[in-house]
file query_38.txt (compact mmCIF, C-alpha atoms)
# COMPACT_ATOMS: atom_id res chain seq x y z
CA MET U 96 -41.42 63.25 95.60
CA ARG U 97 -42.14 60.89 92.72
CA ALA U 98 -43.74 62.36 89.61
CA PHE U 99 -45.72 60.72 86.81
CA PHE U 100 -46.16 61.56 83.14
CA THR U 101 -46.06 59.89 79.75
CA ASP U 102 -45.42 61.39 76.33
CA GLU U 103 -48.81 60.00 75.29
CA GLU U 104 -50.26 63.02 77.11
CA LEU U 105 -48.74 65.20 74.37
CA LEU U 106 -50.88 63.62 71.65
CA HIS U 107 -53.91 65.74 72.56
CA ASP U 108 -53.31 68.80 70.43
CA PRO U 109 -56.37 71.07 70.42
CA GLN U 110 -56.52 73.55 67.56
CA GLN U 111 -59.22 75.95 68.73
CA PHE U 112 -61.65 77.02 71.41
CA MET U 113 -64.48 79.51 71.67
CA ARG U 114 -63.72 82.82 73.30
CA LEU U 115 -66.02 85.82 73.26
CA GLY U 116 -67.92 84.70 70.20
CA ARG U 117 -64.87 83.80 68.15
CA ILE U 118 -62.92 80.63 67.69
CA ALA U 119 -59.54 81.38 69.25
CA LYS U 120 -56.12 79.77 69.17
CA PRO U 121 -55.61 77.13 71.86
CA THR U 122 -53.81 77.83 75.12
CA ASP U 123 -53.58 74.22 76.31
CA LEU U 124 -50.50 73.53 74.24
CA PRO U 125 -48.50 70.28 74.46
CA SER U 126 -45.41 72.37 75.21
CA ARG U 127 -46.90 73.12 78.65
CA ALA U 128 -45.85 69.64 79.69
CA HIS U 129 -42.26 70.21 78.57
CA ALA U 130 -42.05 73.39 80.63
CA LEU U 131 -43.36 71.57 83.70
CA ARG U 132 -40.96 68.69 83.11
CA ASP U 133 -38.08 71.18 83.02
CA GLY U 134 -39.25 72.71 86.30
CA LEU U 135 -39.18 69.29 87.94
CA ALA U 136 -35.76 68.52 86.50
CA ALA U 137 -34.44 71.70 88.08
CA VAL U 138 -35.27 70.25 91.51
CA GLY U 139 -33.94 66.82 90.63
CA ILE U 140 -37.21 65.03 89.94
CA ALA U 141 -37.43 62.69 86.93
CA LEU U 142 -40.77 61.73 85.47
CA GLU U 143 -41.95 58.13 85.52
CA ALA U 144 -44.52 56.70 83.13
CA PRO U 145 -47.71 55.51 84.86
CA ALA U 146 -48.87 51.93 84.40
CA ASP U 147 -51.86 51.28 82.14
CA TYR U 148 -54.76 51.03 84.59
CA GLY U 149 -57.46 50.85 81.93
CA ARG U 150 -60.79 52.62 82.38
CA GLY U 151 -61.54 51.28 85.85
CA PRO U 152 -60.12 54.11 87.98
CA LEU U 153 -61.76 56.69 85.72
CA GLU U 154 -65.15 55.04 86.06
CA ALA U 155 -64.70 54.71 89.83
CA VAL U 156 -65.32 58.44 90.18
CA PRO U 157 -68.65 58.54 92.00
CA ALA U 158 -71.76 59.86 90.35
CA SER U 159 -72.95 63.09 91.86
CA THR U 160 -76.14 62.34 93.75
CA THR U 161 -77.39 65.85 93.26
CA SER U 162 -76.74 68.75 90.95
CA THR U 163 -74.84 71.77 92.15
CA THR U 164 -76.51 75.10 92.31
CA CYS U 165 -76.41 77.64 89.55
CA SER U 166 -75.88 80.73 91.63
CA ARG U 167 -76.83 83.54 89.33
CA PRO U 168 -76.26 84.57 85.75
CA SER U 169 -73.07 86.41 84.90
CA SER U 170 -72.88 89.47 82.69
CA SER U 171 -69.23 89.33 81.73
CA GLY U 172 -66.37 86.97 81.48
CA VAL U 173 -63.04 86.38 79.97
CA ARG U 174 -62.92 82.86 78.59
CA MET S 290 -67.96 94.11 78.43
CA LYS S 291 -64.26 94.74 78.06
CA ALA S 292 -62.33 92.09 76.15
CA PRO S 293 -58.99 90.92 77.53
CA ALA S 294 -55.89 92.29 75.82
CA GLY S 295 -55.28 90.65 72.48
CA VAL S 296 -58.79 89.20 72.22
CA GLU S 297 -61.07 90.68 69.60
CA PRO S 298 -64.74 89.93 70.32
CA GLY S 299 -66.70 88.16 67.58
CA ILE S 300 -69.26 89.74 65.26
CA GLU S 301 -72.21 88.12 67.04
CA VAL S 302 -73.00 86.90 70.51
CA LEU S 303 -72.41 83.15 70.79
CA PRO S 304 -72.23 81.19 74.05
CA ASN S 305 -69.05 79.48 75.13
CA LEU S 306 -70.83 77.14 77.50
CA ALA S 307 -74.16 76.11 78.96
CA PRO S 308 -74.90 75.38 82.63
CA TYR S 309 -74.64 71.76 83.60
CA TYR S 310 -77.67 70.08 85.07
CA SER S 311 -77.47 66.41 85.86
CA GLY S 312 -81.16 65.73 86.32
CA VAL S 313 -83.37 64.98 89.29
CA PRO S 314 -81.53 65.08 92.66
CA GLY S 315 -80.76 61.55 93.70
CA VAL S 316 -81.00 60.23 90.17
CA ASP S 317 -77.97 59.97 87.94
CA ARG S 318 -78.13 61.46 84.49
CA PRO S 319 -78.90 58.63 82.10
CA PRO S 320 -76.72 57.84 79.09
CA CYS S 321 -77.40 59.93 76.00
CA PRO S 322 -80.62 58.58 74.48
CA ALA S 323 -79.50 59.34 70.90
CA THR S 324 -76.82 57.58 68.91
CA SER S 325 -75.95 60.53 66.69
CA LEU S 326 -72.41 61.79 67.10
CA VAL S 327 -73.74 65.35 67.15
CA ALA S 328 -76.15 64.47 69.96
CA ARG S 329 -73.57 62.60 72.00
CA THR S 330 -71.08 65.42 71.58
CA GLY S 331 -73.58 67.86 73.05
CA TRP S 332 -74.47 65.45 75.87
CA TYR S 333 -70.94 64.74 76.99
CA ILE S 334 -69.10 67.95 76.11
CA GLY S 335 -70.35 70.93 78.09
CA ASP S 336 -68.65 73.80 76.34
CA LEU S 337 -66.63 74.85 73.33
CA ALA S 338 -63.26 74.52 75.04
CA CYS S 339 -63.04 70.74 74.74
CA PRO S 340 -62.28 69.80 71.15
CA LEU S 341 -61.60 66.13 70.46
CA GLY S 342 -58.85 65.26 68.01
CA PRO S 343 -57.85 61.84 66.72
CA HIS S 344 -55.49 61.17 69.66
CA SER S 345 -57.23 63.11 72.43
CA TRP S 346 -58.67 60.04 74.13
CA THR S 347 -55.23 58.48 74.51
CA SER S 348 -53.97 61.59 76.27
CA ILE S 349 -57.12 61.88 78.40
CA VAL S 350 -56.83 58.31 79.71
CA ARG S 351 -53.08 58.46 80.23
CA SER S 352 -53.37 61.82 81.99
CA ALA S 353 -55.81 60.21 84.43
CA HIS S 354 -53.39 57.30 84.82
CA ALA S 355 -50.71 59.75 85.97
CA ALA S 356 -53.08 60.76 88.78
CA VAL S 357 -53.76 57.11 89.63
CA ALA S 358 -50.05 56.31 89.73
CA ALA S 359 -49.41 59.32 91.99
CA ALA S 360 -52.21 58.20 94.31
CA ASP S 361 -50.80 54.69 94.48
CA ALA S 362 -47.31 56.07 95.18
CA VAL S 363 -48.74 58.09 98.06
CA VAL S 364 -50.55 55.06 99.43
CA ALA S 365 -47.26 53.15 99.31
CA SER S 366 -45.06 55.89 100.77
CA GLY S 367 -47.40 57.90 102.98
CA ASP S 368 -45.67 60.99 101.62
CA ALA S 369 -46.30 63.01 98.45
CA ALA S 370 -46.35 62.54 94.68
CA TYR S 371 -46.99 64.76 91.67
CA ALA S 372 -49.12 63.97 88.64
CA LEU S 373 -48.25 65.92 85.50
CA CYS S 374 -51.72 65.69 83.99
CA ARG S 375 -52.46 66.96 80.52
CA PRO S 376 -55.24 67.51 79.71
CA SER S 377 -56.26 68.92 83.08
CA GLY S 378 -59.30 67.68 84.95
CA HIS S 379 -60.95 69.83 87.59
CA HIS S 380 -63.75 71.20 85.39
CA ALA S 381 -64.82 67.76 84.24
CA HIS S 382 -67.93 66.22 85.74
CA ARG S 383 -68.24 62.49 85.94
CA ASP S 384 -70.03 62.39 82.63
CA ARG S 385 -69.21 65.68 80.99
CA ALA S 386 -66.09 67.41 79.67
CA ASN S 387 -65.74 71.14 80.33
CA GLY S 388 -63.12 73.88 80.24
CA PHE S 389 -60.14 72.07 78.66
CA CYS S 390 -60.92 69.11 81.00
CA TYR S 391 -62.27 65.70 79.99
CA VAL S 392 -61.79 63.35 82.95
CA ASN S 393 -61.47 64.77 86.46
CA ASN S 394 -57.96 63.64 87.36
CA SER S 395 -58.15 65.19 90.83
CA ALA S 396 -61.39 63.35 91.55
CA VAL S 397 -59.86 60.12 90.24
CA ALA S 398 -56.99 60.58 92.72
CA ALA S 399 -59.31 61.57 95.57
CA GLU S 400 -61.56 58.56 95.07
CA ARG S 401 -58.57 56.23 94.91
CA LEU S 402 -57.15 57.71 98.13
CA ARG S 403 -60.58 57.56 99.78
CA THR S 404 -60.79 53.81 99.36
CA VAL S 405 -57.60 53.48 101.42
CA PHE S 406 -57.55 56.47 103.76
CA GLY S 407 -61.31 56.95 104.29
CA ARG S 408 -61.26 60.74 104.68
CA VAL S 409 -59.79 62.91 101.95
CA ALA S 410 -59.62 66.66 101.42
CA VAL S 411 -59.26 68.39 98.05
CA LEU S 412 -57.68 71.87 98.16
CA ASP S 413 -57.88 73.45 94.70
CA VAL S 414 -55.66 76.51 94.11
CA ASP S 415 -56.13 76.91 90.36
CA ALA S 416 -57.40 80.33 89.21
CA HIS S 417 -60.72 78.77 88.23
CA HIS S 418 -63.29 77.20 90.52
CA GLY S 419 -62.91 73.42 90.65
CA ASP S 420 -66.53 72.99 89.67
CA GLY S 421 -66.36 69.42 88.43
CA THR S 422 -64.72 68.23 91.63
CA GLN S 423 -67.26 70.13 93.73
CA ASN S 424 -70.11 68.60 91.79
CA ILE S 425 -68.77 65.05 92.07
CA PHE S 426 -68.39 65.18 95.86
CA TYR S 427 -71.10 67.73 96.69
CA ALA S 428 -73.27 65.30 98.63
CA ARG S 429 -70.38 63.54 100.34
CA ASP S 430 -69.14 63.98 103.90
CA ASP S 431 -66.01 61.86 103.46
CA VAL S 432 -64.43 64.11 100.83
CA LEU S 433 -64.04 67.80 101.69
CA THR S 434 -63.76 70.06 98.66
CA VAL S 435 -62.17 73.51 99.01
CA SER S 436 -61.42 75.88 96.14
CA THR S 437 -59.71 79.27 95.93
CA HIS S 438 -60.31 81.03 92.62
CA ALA S 439 -61.10 84.28 90.85
CA ASP S 440 -64.66 85.51 91.43
CA PRO S 441 -66.79 83.47 89.02
CA ALA S 442 -69.32 86.27 88.51
CA GLY S 443 -67.08 87.42 85.66
CA TYR S 444 -64.85 84.43 85.07
CA TYR S 445 -65.11 80.83 84.03
CA PRO S 446 -66.88 78.61 85.19
CA PHE S 447 -69.43 81.35 86.09
CA TYR S 448 -72.26 79.25 87.50
CA THR S 449 -70.63 77.86 90.64
CA GLY S 450 -67.80 78.81 92.94
CA TYR S 451 -69.75 81.11 95.24
CA LEU S 452 -69.46 81.34 99.00
CA HIS S 453 -72.92 80.05 99.77
CA GLU S 454 -72.31 76.64 98.14
CA ARG S 455 -71.61 74.50 101.19
CA GLY S 456 -72.69 71.04 100.04
CA VAL S 457 -76.00 69.27 100.26
CA GLY S 458 -77.48 66.39 102.26
CA ARG S 459 -74.71 64.53 104.03
CA GLY S 460 -72.29 66.78 102.21
CA ASP S 461 -73.70 69.93 103.82
CA GLY S 462 -70.75 71.77 105.34
CA PHE S 463 -68.17 69.79 103.35
CA ASN S 464 -67.62 72.23 100.50
CA LEU S 465 -65.93 75.62 100.81
CA ASN S 466 -65.46 78.23 98.10
CA LEU S 467 -63.10 81.16 98.54
CA PRO S 468 -63.63 83.49 95.56
CA LEU S 469 -61.11 86.29 95.10
CA PRO S 470 -61.79 89.75 93.64
CA HIS S 471 -60.19 90.12 90.22
CA GLY S 472 -56.85 91.86 90.53
CA SER S 473 -56.05 90.17 93.85
CA GLY S 474 -52.33 89.74 94.51
CA ASN S 475 -50.23 87.48 96.69
CA ASP S 476 -51.64 88.73 99.99
CA ALA S 477 -55.28 88.02 99.18
CA PHE S 478 -54.42 84.76 97.43
CA LEU S 479 -52.35 83.47 100.34
CA ASP S 480 -54.95 84.64 102.88
CA ALA S 481 -57.51 82.55 101.02
CA LEU S 482 -55.07 79.65 100.98
CA ASP S 483 -54.74 79.94 104.76
CA ARG S 484 -58.52 79.84 105.16
CA GLY S 485 -58.61 76.77 102.98
CA ILE S 486 -55.86 75.12 104.99
CA GLU S 487 -57.73 75.95 108.18
CA ALA S 488 -60.80 74.17 106.79
CA VAL S 489 -58.68 71.18 105.83
CA ARG S 490 -57.20 71.01 109.34
CA ALA S 491 -60.68 71.18 110.89
CA PHE S 492 -61.83 68.32 108.66
CA ALA S 493 -58.82 66.25 109.78
CA PRO S 494 -58.40 64.19 106.61
CA ALA S 495 -56.06 61.25 106.32
CA ALA S 496 -54.89 62.38 102.86
CA LEU S 497 -54.94 65.43 100.60
CA VAL S 498 -55.32 66.12 96.90
CA LEU S 499 -53.96 69.48 95.70
CA PRO S 500 -55.22 70.50 92.24
CA LEU S 501 -52.43 72.95 91.39
CA GLY S 502 -52.83 75.61 88.71
CA PHE S 503 -50.49 78.40 87.72
CA ASP S 504 -53.08 80.48 85.87
CA THR S 505 -53.28 82.70 88.96
CA PHE S 506 -49.95 84.13 87.71
CA ARG S 507 -50.32 87.78 86.68
CA ASP S 508 -48.87 87.25 83.19
CA ASP S 509 -50.82 84.10 82.35
CA PRO S 510 -52.73 84.67 79.08
CA ILE S 511 -56.10 84.05 80.79
CA SER S 512 -55.29 85.44 84.24
CA VAL S 513 -57.42 88.01 86.07
CA LEU S 514 -55.36 87.86 89.27
CA ASP S 515 -52.08 89.57 90.12
CA VAL S 516 -50.13 86.76 91.75
CA ASP S 517 -46.37 86.59 91.19
CA LEU S 518 -44.09 83.58 91.01
CA ASP S 519 -42.99 83.91 94.65
CA ALA S 520 -46.45 82.82 95.74
CA TYR S 521 -46.05 79.22 94.59
CA ARG S 522 -43.13 78.54 96.88
CA VAL S 523 -45.29 79.78 99.77
CA VAL S 524 -48.15 77.54 98.63
CA GLY S 525 -45.71 74.62 98.74
CA GLU S 526 -44.47 75.53 102.20
CA ARG S 527 -47.92 75.93 103.72
CA VAL S 528 -49.49 72.87 102.11
CA GLY S 529 -46.40 70.80 102.84
CA ALA S 530 -46.64 71.84 106.49
CA LEU S 531 -49.94 69.97 106.75
CA ARG S 532 -47.73 66.86 106.72
CA LEU S 533 -50.44 64.87 105.02
CA PRO S 534 -50.04 62.15 102.40
CA THR S 535 -50.54 64.41 99.36
CA VAL S 536 -51.22 63.93 95.68
CA VAL S 537 -50.41 67.09 93.73
CA VAL S 538 -52.35 67.14 90.46
CA GLN S 539 -51.43 69.60 87.71
CA GLU S 540 -54.37 71.68 86.51
CA GLY S 541 -54.09 74.96 84.55
CA GLY S 542 -51.28 77.40 83.81
CA TYR S 543 -50.70 78.57 80.25
CA ARG S 544 -47.73 80.91 80.36
CA ILE S 545 -45.22 78.48 78.93
CA ASP S 546 -42.12 80.42 80.00
CA ALA S 547 -43.32 80.73 83.61
CA ILE S 548 -44.98 77.48 84.66
CA GLY S 549 -41.71 75.54 84.99
CA LYS S 550 -40.36 78.14 87.42
CA ALA S 551 -43.67 78.15 89.24
CA LEU S 552 -43.58 74.38 89.72
CA GLU S 553 -39.92 74.48 90.73
CA GLY S 554 -40.77 77.00 93.45
CA PHE S 555 -43.75 74.98 94.63
CA VAL S 556 -41.73 71.78 94.98
CA ALA S 557 -38.87 73.57 96.75
CA GLY S 558 -41.30 75.09 99.23
CA PHE S 559 -43.15 71.82 99.76
CA ARG S 560 -39.94 69.92 100.43
CA SER S 561 -38.71 72.52 102.88
CA ALA S 562 -41.79 71.90 105.02
CA ARG S 563 -41.56 68.10 105.18

call {"tool": "encode", "arguments": {"input": "query_38.txt", "output": "structure tokens"}}
result
Amino acid sequence: MRAFFTDEELLHDPQQFMRLGRIAKPTDLPSRAHALRDGLAAVGIALEAPADYGRGPLEAVPASTTSTTCSRPSSSGVR
Amino acid sequence: MKAPAGVEPGIEVLPNLAPYYSGVPGVDRPPCPATSLVARTGWYIGDLACPLGPHSWTSIVRSAHAAVAAADAVVASGDAAYALCRPSGHHAHRDRANGFCYVNNSAVAAERLRTVFGRVAVLDVDAHHGDGTQNIFYARDDVLTVSTHADPAGYYPFYTGYLHERGVGRGDGFNLNLPLPHGSGNDAFLDALDRGIEAVRAFAPAALVLPLGFDTFRDDPISVLDVDLDAYRVVGERVGALRLPTVVVQEGGYRIDAIGKALEGFVAGFRSAR
């Protein structure tokens, strides 16, 4: 199984997000990628950097032709 | 409302997010009519979990490129590839960031596979509903979207992820949600996985995208499920046994000292089934 990643994905370094009415410390830490890389290494998989495909493949995602439903309001939540 | 352990609620009620509505059915949402950065931020960022820093865009684009490269590798090999995507993608709509996600990497991979294979299934096993992916393909009959996740009535993304959402128009019957009661363990999680796999088999796709999250793990800082690390090897075994060309796309999972082991188990299980 080939696997793809580049260190440029570590540059995104969020500092905060809203949780229950307070700005909280981030959970999407760059170190997540290192942990995943180590997991792959343990099964003998090395990461390869993807080519630069530009914006084309991102913009190829089709537009939704309809909105999804909003099922019902929620009274509680954890994020 | 009970706050999760270690989270102190704020002094006032403030929303984390607002429901997404893309406009009139059949009509795409237009570009933001205002030029103000404040206006455009509100138009294109759907909640307060998607901060943009000076280098975020580089990571967002390159994360999506990892998914593209994995899709191309699968096209070339007919086997499987893994995209280590950060930031994640499955909450992102085509034109709106949400829930730590900016561009929908799984949808990028699915669309790229679709142009080659024709029929593609997406089987999302992250703890959160893959709402962006559902929305993108909701009216499509050539991309099946299936998601197992914690019951959204009390968990992000709240507004979708329910059983009755089956698709619309040509897409009617091509979306399946399998919400799990909070506190569900391996048995319920893997039963839902089996139902998802059954739906994938019935659809008979030529390729598969697996948005893979490890935030179902019981000790994940935002988990509401009770899944242990053994489950991910089983996920690998059962998904691998589909013997489909498969792009595995990394989504959530925030317990730094566990996600490497989780991925190791998944890959070992997947390989054992090929």

call {"tool": "closest_atom_pairs", "arguments": {"input": "query_38.txt", "of": "chain S", "to": "chain U", "cutoff": "7 Å", "atoms": "all atoms listed in the file", "output": "JSON lines"}}
result
{"residue": "S:Met290", "atom": "CA", "partner": "U:Ser171", "partner_atom": "CA", "distance": 5.9}
{"residue": "S:Ala292", "atom": "CA", "partner": "U:Val173", "partner_atom": "CA", "distance": 6.9}
{"residue": "S:Pro293", "atom": "CA", "partner": "U:Val173", "partner_atom": "CA", "distance": 6.6}
{"residue": "S:Pro298", "atom": "CA", "partner": "U:Leu115", "partner_atom": "CA", "distance": 5.2}
{"residue": "S:Gly299", "atom": "CA", "partner": "U:Gly116", "partner_atom": "CA", "distance": 4.5}
{"residue": "S:Glu301", "atom": "CA", "partner": "U:Gly116", "partner_atom": "CA", "distance": 6.3}
{"residue": "S:Val302", "atom": "CA", "partner": "U:Gly116", "partner_atom": "CA", "distance": 5.5}
{"residue": "S:Leu303", "atom": "CA", "partner": "U:Gly116", "partner_atom": "CA", "distance": 4.8}
{"residue": "S:Pro304", "atom": "CA", "partner": "U:Gly116", "partner_atom": "CA", "distance": 6.8}
{"residue": "S:Asn305", "atom": "CA", "partner": "U:Met113", "partner_atom": "CA", "distance": 5.7}
{"residue": "S:Tyr310", "atom": "CA", "partner": "U:Ser162", "partner_atom": "CA", "distance": 6.1}
{"residue": "S:Ser311", "atom": "CA", "partner": "U:Ser162", "partner_atom": "CA", "distance": 5.6}
{"residue": "S:Pro314", "atom": "CA", "partner": "U:Thr161", "partner_atom": "CA", "distance": 4.3}
{"residue": "S:Gly315", "atom": "CA", "partner": "U:Thr160", "partner_atom": "CA", "distance": 4.7}
{"residue": "S:Val316", "atom": "CA", "partner": "U:Thr160", "partner_atom": "CA", "distance": 6.4}
{"residue": "S:Asp317", "atom": "CA", "partner": "U:Thr160", "partner_atom": "CA", "distance": 6.5}
{"residue": "S:Leu337", "atom": "CA", "partner": "U:Met113", "partner_atom": "CA", "distance": 5.4}
{"residue": "S:Ala338", "atom": "CA", "partner": "U:Phe112", "partner_atom": "CA", "distance": 4.7}
{"residue": "S:Pro340", "atom": "CA", "partner": "U:Pro109", "partner_atom": "CA", "distance": 6.1}
{"residue": "S:Gly342", "atom": "CA", "partner": "U:His107", "partner_atom": "CA", "distance": 6.7}
{"residue": "S:His344", "atom": "CA", "partner": "U:Leu106", "partner_atom": "CA", "distance": 5.6}
{"residue": "S:Ser345", "atom": "CA", "partner": "U:His107", "partner_atom": "CA", "distance": 4.2}
{"residue": "S:Thr347", "atom": "CA", "partner": "U:Glu103", "partner_atom": "CA", "distance": 6.6}
{"residue": "S:Ser348", "atom": "CA", "partner": "U:Glu104", "partner_atom": "CA", "distance": 4.1}
{"residue": "S:Arg351", "atom": "CA", "partner": "U:Glu104", "partner_atom": "CA", "distance": 6.2}
{"residue": "S:Ser352", "atom": "CA", "partner": "U:Glu104", "partner_atom": "CA", "distance": 5.9}
{"residue": "S:His354", "atom": "CA", "partner": "U:Pro145", "partner_atom": "CA", "distance": 6.0}
{"residue": "S:Ala355", "atom": "CA", "partner": "U:Phe99", "partner_atom": "CA", "distance": 5.2}
{"residue": "S:Ala358", "atom": "CA", "partner": "U:Pro145", "partner_atom": "CA", "distance": 5.5}
{"residue": "S:Ala359", "atom": "CA", "partner": "U:Phe99", "partner_atom": "CA", "distance": 6.5}
{"residue": "S:Ala369", "atom": "CA", "partner": "U:Met96", "partner_atom": "CA", "distance": 5.7}
{"residue": "S:Ala370", "atom": "CA", "partner": "U:Arg97", "partner_atom": "CA", "distance": 4.9}
{"residue": "S:Tyr371", "atom": "CA", "partner": "U:Ala98", "partner_atom": "CA", "distance": 4.5}
{"residue": "S:Ala372", "atom": "CA", "partner": "U:Phe99", "partner_atom": "CA", "distance": 5.0}
{"residue": "S:Leu373", "atom": "CA", "partner": "U:Phe100", "partner_atom": "CA", "distance": 5.4}
{"residue": "S:Cys374", "atom": "CA", "partner": "U:Phe100", "partner_atom": "CA", "distance": 7.0}
{"residue": "S:Arg375", "atom": "CA", "partner": "U:Glu104", "partner_atom": "CA", "distance": 5.7}
{"residue": "S:Arg383", "atom": "CA", "partner": "U:Ala158", "partner_atom": "CA", "distance": 6.2}
{"residue": "S:Ala396", "atom": "CA", "partner": "U:Val156", "partner_atom": "CA", "distance": 6.4}
{"residue": "S:Val397", "atom": "CA", "partner": "U:Val156", "partner_atom": "CA", "distance": 5.7}
{"residue": "S:Glu400", "atom": "CA", "partner": "U:Val156", "partner_atom": "CA", "distance": 6.2}
{"residue": "S:Asn424", "atom": "CA", "partner": "U:Thr163", "partner_atom": "CA", "distance": 5.7}
{"residue": "S:Ile425", "atom": "CA", "partner": "U:Ser159", "partner_atom": "CA", "distance": 4.6}
{"residue": "S:Phe426", "atom": "CA", "partner": "U:Ser159", "partner_atom": "CA", "distance": 6.4}
{"residue": "S:Tyr427", "atom": "CA", "partner": "U:Ser159", "partner_atom": "CA", "distance": 6.9}
{"residue": "S:Ala428", "atom": "CA", "partner": "U:Thr160", "partner_atom": "CA", "distance": 6.4}
{"residue": "S:Ala442", "atom": "CA", "partner": "U:Ser169", "partner_atom": "CA", "distance": 5.2}
{"residue": "S:Gly443", "atom": "CA", "partner": "U:Gly172", "partner_atom": "CA", "distance": 4.3}
{"residue": "S:Tyr444", "atom": "CA", "partner": "U:Gly172", "partner_atom": "CA", "distance": 4.7}
{"residue": "S:Tyr445", "atom": "CA", "partner": "U:Arg174", "partner_atom": "CA", "distance": 6.2}
{"residue": "S:Phe447", "atom": "CA", "partner": "U:Ser169", "partner_atom": "CA", "distance": 6.3}
{"residue": "S:Tyr448", "atom": "CA", "partner": "U:Cys165", "partner_atom": "CA", "distance": 4.9}
{"residue": "S:Thr449", "atom": "CA", "partner": "U:Cys165", "partner_atom": "CA", "distance": 5.9}
{"residue": "S:Tyr543", "atom": "CA", "partner": "U:Thr122", "partner_atom": "CA", "distance": 6.0}
{"residue": "S:Ile545", "atom": "CA", "partner": "U:Arg127", "partner_atom": "CA", "distance": 5.6}
{"residue": "S:Ile548", "atom": "CA", "partner": "U:Leu131", "partner_atom": "CA", "distance": 6.2}
{"residue": "S:Gly549", "atom": "CA", "partner": "U:Gly134", "partner_atom": "CA", "distance": 4.0}
{"residue": "S:Lys550", "atom": "CA", "partner": "U:Gly134", "partner_atom": "CA", "distance": 5.7}
{"residue": "S:Leu552", "atom": "CA", "partner": "U:Gly134", "partner_atom": "CA", "distance": 5.8}
{"residue": "S:Glu553", "atom": "CA", "partner": "U:Gly134", "partner_atom": "CA", "distance": 4.8}

call {"tool": "atom_distance", "arguments": {"input": "query_38.txt", "atom1": "CA of His453 in chain S", "atom2": "CA of Asp504 in chain S"}}
result
24.2 Å

call {"tool": "atom_distance", "arguments": {"input": "query_38.txt", "atom1": "CA of Ala381 in chain S", "atom2": "CA of Gly558 in chain S"}}
result
28.8 Å

call {"tool": "residues_near_point", "arguments": {"input": "query_38.txt", "point": "(-51.8, 74.1, 89.9)", "cutoff": "8 Å", "atoms": "all atoms listed in the file", "output": "PyMOL selection string"}}
result
chain S and resi 413-415+499-504+538-542

call {"tool": "closest_residue", "arguments": {"input": "query_38.txt", "among": "S:Ser473, S:Asn466, S:Thr404, S:Thr330", "to": "Val364 in chain S", "atoms": "only C-alpha atoms"}}
result
S:Thr404

call {"tool": "atom_distance", "arguments": {"input": "query_38.txt", "atom1": "CA of His382 in chain S", "atom2": "CA of Gly460 in chain S"}}
result
17.0 Å

call {"tool": "residues_around", "arguments": {"input": "query_38.txt", "residues": "Val392 in chain S", "least_positions_apart": "6", "cutoff": "7 Å", "atoms": "only C-alpha atoms", "output": "PyMOL selection string"}}
result
chain S and resi 349+353+378+381+386
